[in-house]
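A.B. asks: So here's input_8.txt (compact mmCIF, C-alpha atoms).
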```
# COMPACT_ATOMS: atom_id res chain seq x y z
CA MET A 1 242.07 275.19 215.80
CA GLU A 2 242.05 277.35 218.92
CA HIS A 3 240.63 274.46 220.94
CA MET A 4 243.20 272.00 219.62
CA LEU A 5 246.04 274.42 220.34
CA LYS A 6 244.77 274.95 223.89
CA THR A 7 244.39 271.26 224.65
CA THR A 8 247.42 269.66 223.00
CA THR A 9 250.33 268.79 225.25
CA ASP A 10 252.55 267.20 222.60
CA SER A 11 255.09 269.65 221.13
CA GLN A 12 255.19 267.94 217.72
CA THR A 13 251.42 268.11 217.46
CA ARG A 14 251.51 271.75 218.52
CA VAL A 15 254.07 272.64 215.85
CA TYR A 16 251.96 270.83 213.27
CA LEU A 17 248.82 272.72 214.35
CA LEU A 18 250.67 276.04 214.32
CA SER A 19 251.93 275.28 210.82
CA GLU A 20 248.44 274.43 209.62
CA TYR A 21 246.97 277.57 211.17
CA LEU A 22 249.69 279.72 209.63
CA ASN A 23 249.04 278.13 206.24
CA GLN A 24 245.34 278.90 206.60
CA PHE A 25 246.24 282.53 207.16
CA ARG A 26 248.67 282.57 204.25
CA ASN A 27 246.28 280.95 201.80
CA THR A 28 243.19 282.82 202.89
CA LEU A 29 244.18 286.24 204.14
CA PHE A 30 247.32 286.97 202.18
CA VAL A 31 247.00 285.04 198.90
CA GLN A 32 243.37 285.97 198.35
CA THR A 33 244.12 289.64 199.04
CA MET A 34 246.96 289.47 196.53
CA PHE A 35 244.56 287.88 194.03
CA ALA A 36 242.05 290.69 194.59
CA GLU A 37 244.75 293.26 193.96
CA PHE A 38 245.83 291.38 190.81
CA GLU A 39 242.24 291.49 189.55
CA LEU A 40 241.95 295.20 190.22
CA ILE A 41 245.18 295.94 188.37
CA ILE A 42 244.32 293.87 185.30
CA HIS A 43 240.77 295.24 185.11
CA ASN A 44 242.22 298.76 185.27
CA MET A 45 244.67 297.82 182.51
CA GLU A 46 241.79 296.58 180.36
CA GLU A 47 239.79 299.76 180.98
CA ARG A 48 242.81 301.78 179.79
CA SER A 49 242.92 299.53 176.68
CA GLU A 50 246.32 298.16 177.67
CA PRO A 51 246.99 294.74 176.17
CA LEU A 52 246.58 291.77 178.49
CA THR A 53 249.32 289.46 177.31
CA ILE A 54 251.15 286.60 178.96
CA GLU A 55 254.05 288.97 179.50
CA SER A 56 252.00 291.81 181.00
CA LEU A 57 249.94 289.54 183.25
CA SER A 58 253.06 287.66 184.39
CA LYS A 59 254.80 290.95 185.21
CA VAL A 60 251.84 292.12 187.31
CA TYR A 61 251.75 288.77 189.11
CA HIS A 62 255.52 288.84 189.67
CA ASP A 63 255.45 292.38 191.02
CA LEU A 64 252.63 291.51 193.42
CA SER A 65 254.45 288.36 194.55
CA VAL A 66 257.47 290.49 195.44
CA LYS A 67 255.22 293.05 197.17
CA TYR A 68 253.43 290.41 199.26
CA TRP A 69 256.23 287.93 199.96
CA GLY A 70 259.33 290.15 199.87
CA SER A 71 262.17 290.70 197.47
CA GLU A 72 264.10 287.82 199.06
CA MET A 73 261.61 285.37 197.59
CA ILE A 74 263.00 283.45 194.64
CA THR A 75 260.62 283.70 191.72
CA ASP A 76 260.74 281.90 188.42
CA GLU A 77 258.61 281.63 185.29
CA GLN A 78 256.34 279.06 186.95
CA ASN A 79 255.55 281.43 189.81
CA ASN A 80 254.99 284.33 187.44
CA LEU A 81 252.40 282.24 185.60
CA GLY A 82 250.45 281.70 188.82
CA TRP A 83 247.66 283.88 187.44
CA ALA A 84 247.10 281.37 184.60
CA LYS A 85 246.35 278.45 186.88
CA THR A 86 243.99 280.33 189.18
CA PRO A 87 240.35 279.70 188.27
CA HIS A 88 239.22 282.47 190.66
CA PHE A 89 239.97 285.03 187.98
CA TYR A 90 237.18 283.72 185.75
CA ARG A 91 234.64 285.20 188.16
CA ALA A 92 235.29 288.87 188.64
CA PHE A 93 235.92 290.28 192.09
CA TYR A 94 234.92 287.68 194.59
CA VAL A 95 238.26 286.53 196.04
CA TYR A 96 238.33 289.35 198.59
CA GLN A 97 235.46 287.55 200.32
CA TYR A 98 237.85 284.81 201.44
CA ALA A 99 240.06 287.33 203.24
CA THR A 100 237.17 289.30 204.73
CA GLY A 101 235.38 286.09 205.75
CA TYR A 102 238.49 284.79 207.47
CA SER A 103 238.96 288.11 209.28
CA VAL A 104 235.32 288.02 210.38
CA ALA A 105 235.71 284.44 211.66
CA ILE A 106 238.77 285.42 213.69
CA ALA A 107 236.99 288.49 215.10
CA LEU A 108 233.87 286.50 216.01
CA THR A 109 236.01 283.81 217.63
CA LYS A 110 237.91 286.36 219.71
CA ARG A 111 234.65 287.93 220.88
CA LEU A 112 233.21 284.53 221.80
CA GLN A 113 236.38 283.50 223.63
CA SER A 114 236.27 286.67 225.70
CA GLY A 115 233.52 285.14 227.83
CA ASP A 116 231.26 288.15 227.30
CA PHE A 117 227.67 286.90 227.36
CA GLN A 118 226.63 289.65 224.92
CA ALA A 119 229.13 288.29 222.37
CA LEU A 120 227.30 284.96 222.42
CA GLU A 121 223.92 286.68 222.04
CA ASP A 122 225.28 288.79 219.18
CA TYR A 123 226.68 285.70 217.47
CA LEU A 124 223.38 283.82 217.77
CA GLY A 125 221.62 286.88 216.35
CA PHE A 126 224.10 286.86 213.48
CA LEU A 127 223.27 283.22 212.72
CA LYS A 128 219.52 283.79 213.01
CA ALA A 129 219.66 286.80 210.68
CA GLY A 130 220.50 284.61 207.70
CA SER A 131 220.32 286.80 204.63
CA SER A 132 217.67 289.15 206.02
CA ASP A 133 219.90 292.19 205.53
CA TYR A 134 223.17 293.17 203.91
CA PRO A 135 226.06 291.19 205.43
CA ILE A 136 227.85 294.38 206.52
CA ASN A 137 224.77 295.35 208.61
CA ILE A 138 224.32 291.88 210.09
CA LEU A 139 227.99 291.77 211.07
CA LYS A 140 227.75 295.20 212.67
CA LYS A 141 224.90 293.90 214.88
CA ALA A 142 227.19 290.97 215.78
CA GLY A 143 229.83 293.46 216.96
CA ILE A 144 232.06 293.28 213.87
CA ASP A 145 232.41 296.53 211.93
CA MET A 146 233.90 295.68 208.55
CA LYS A 147 233.91 299.36 207.59
CA THR A 148 236.93 299.73 209.85
CA PRO A 149 240.32 298.02 209.63
CA LEU A 150 239.89 296.54 213.14
CA PRO A 151 238.78 292.99 212.16
CA VAL A 152 241.68 292.62 209.73
CA CYS A 153 244.10 294.12 212.26
CA GLU A 154 242.88 291.66 214.90
CA ALA A 155 243.39 288.76 212.49
CA LEU A 156 246.91 289.98 211.76
CA GLN A 157 247.61 290.16 215.50
CA VAL A 158 246.59 286.51 215.80
CA PHE A 159 248.88 285.71 212.86
CA GLU A 160 251.75 287.60 214.50
CA GLY A 161 251.24 285.65 217.72
CA LEU A 162 251.33 282.36 215.82
CA ILE A 163 254.54 283.40 214.06
CA SER A 164 256.13 284.35 217.38
CA GLU A 165 255.17 281.03 218.94
CA MET A 166 256.44 279.08 215.94
CA GLU A 167 259.75 280.96 216.10
CA GLU A 168 260.18 279.79 219.69
CA TYR A 169 260.28 276.20 218.44
CA TYR A 170 262.99 276.98 215.91
CA ASN A 171 265.22 279.29 217.97
```
So that I can check it, write out the structure of this file as structure tokens.

C.D. replies:
Amino acid sequence: MEHMLKTTTDSQTRVYLLSEYLNQFRNTLFVQTMFAEFELIIHNMEERSEPLTIESLSKVYHDLSVKYWGSEMITDEQNNLGWAKTPHFYRAFYVYQYATGYSVAIALTKRLQSGDFQALEDYLGFLKAGSSDYPINILKKAGIDMKTPLPVCEALQVFEGLISEMEEYYN
């Protein structure tokens, strides 16, 4: 995506690419994080022996939708039932990996684009490591410390830049 954005000269193509990139962020970083929070809340409800009904699950989903997308968002019964159509919830606590993986990819890309030779060596070491160690340790050797908020913050900065550029086309 970065390459296509750098090389396109057509404004319509650029707007399309920006839109696609923003949608990738929305679907991967924001939606999956919201899903992870939904899972945490409903698992906590179950541990407290609170009933998990259509009404209670829909309320949790609605409240999170408002939290993540803003109170200006128009919600309806279909949106509030979003939890029911999401197969991710049948496998406990894995959706966060989408958001962390996307943040890692952005962070690795930024390091590689910096032109720093060590970033390339670190990335190749990351690929060669395979599953020889815990992912958090392999990433640390690649220069990405997922125990800090920095990779997610960097991804959000990229997102903010994309939003700003897209706004230029519509202002």

A.B. asks: Out of A:Leu22, A:Leu64, A:Met34, A:Ile74, which residue has the shortest atom-to-atom distance to A:Ala155 when counting all atoms listed in the file?

C.D. replies: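 Counting all atoms listed in the file, the residue closest to A:Ala155 is A:Leu22.
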
A.B. asks: In terms of the shortest atom-to-atom distance over all atoms listed in the file, which of A:Glu2, A:Glu20, A:Glu55, A:Asp122 is closest to A:Ile144?

C.D. replies: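 For A:Ile144, the nearest of the candidates is A:Asp122.
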
A.B. asks: Neighbours of A:Met73 within 12 Å (only C-alpha atoms; same-chain residues fewer than 6 positions away dropped), as a ChimeraX atom specification?

C.D. replies: /A:62-67,79

A.B. asks: Looking at all atoms listed in the file, which of A:Val104, A:Leu112, A:Leu162, A:Ile138 is the one that sits closest to A:Leu150?

C.D. replies: A:Val104

A.B. asks: What is the distance between atom CA of A:Asn80 and atom CA of A:Val60, in Å to one decimal?

C.D. replies: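 Separation between atom CA of A:Asn80 and atom CA of A:Val60: 8.4 Å.
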
A.B. asks: Kindly give the distance, in Å, that separates atom CA of A:Asn137 and atom CA of A:Glu121, rounded to a single decimal.

C.D. replies: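 Computing the Euclidean distance for atom CA of A:Asn137 and atom CA of A:Glu121 yields 16.0 Å.
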
A.B. asks: Considering all atoms listed in the file, state which residue in the set A:Ile54, A:Met1, A:Leu81, A:Ile163 is at the smallest distance from A:Ala105.

C.D. replies: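 So, comparing all the options, the nearest one is A:Met1.
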
A.B. asks: Write out as a PDB file with C-alpha atoms, keeping the file's coordinate frame the residues lying within 12 Å of A:Ile136, counting only C-alpha atoms and excluding same-chain residues fewer than 6 positions away.

C.D. replies:
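Produced file result-v2.pdb, reproduced below:
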```pdb
ATOM      1  CA  GLN A  97     235.460 287.550 200.320  1.00  0.00           C
ATOM      2  CA  THR A 100     237.170 289.300 204.730  1.00  0.00           C
ATOM      3  CA  GLY A 101     235.380 286.090 205.750  1.00  0.00           C
ATOM      4  CA  VAL A 104     235.320 288.020 210.380  1.00  0.00           C
ATOM      5  CA  PHE A 126     224.100 286.860 213.480  1.00  0.00           C
ATOM      6  CA  ALA A 129     219.660 286.800 210.680  1.00  0.00           C
ATOM      7  CA  ALA A 142     227.190 290.970 215.780  1.00  0.00           C
ATOM      8  CA  GLY A 143     229.830 293.460 216.960  1.00  0.00           C
ATOM      9  CA  ILE A 144     232.060 293.280 213.870  1.00  0.00           C
ATOM     10  CA  ASP A 145     232.410 296.530 211.930  1.00  0.00           C
ATOM     11  CA  MET A 146     233.900 295.680 208.550  1.00  0.00           C
ATOM     12  CA  LYS A 147     233.910 299.360 207.590  1.00  0.00           C
ATOM     13  CA  THR A 148     236.930 299.730 209.850  1.00  0.00           C
TER      14      THR A 148
END
```

A.B. asks: What gap, in Å, lies between atom CA of A:Thr109 and atom CA of A:Tyr123?

C.D. replies: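 Answer for the atom CA of A:Thr109 to atom CA of A:Tyr123 separation: 9.5 Å.
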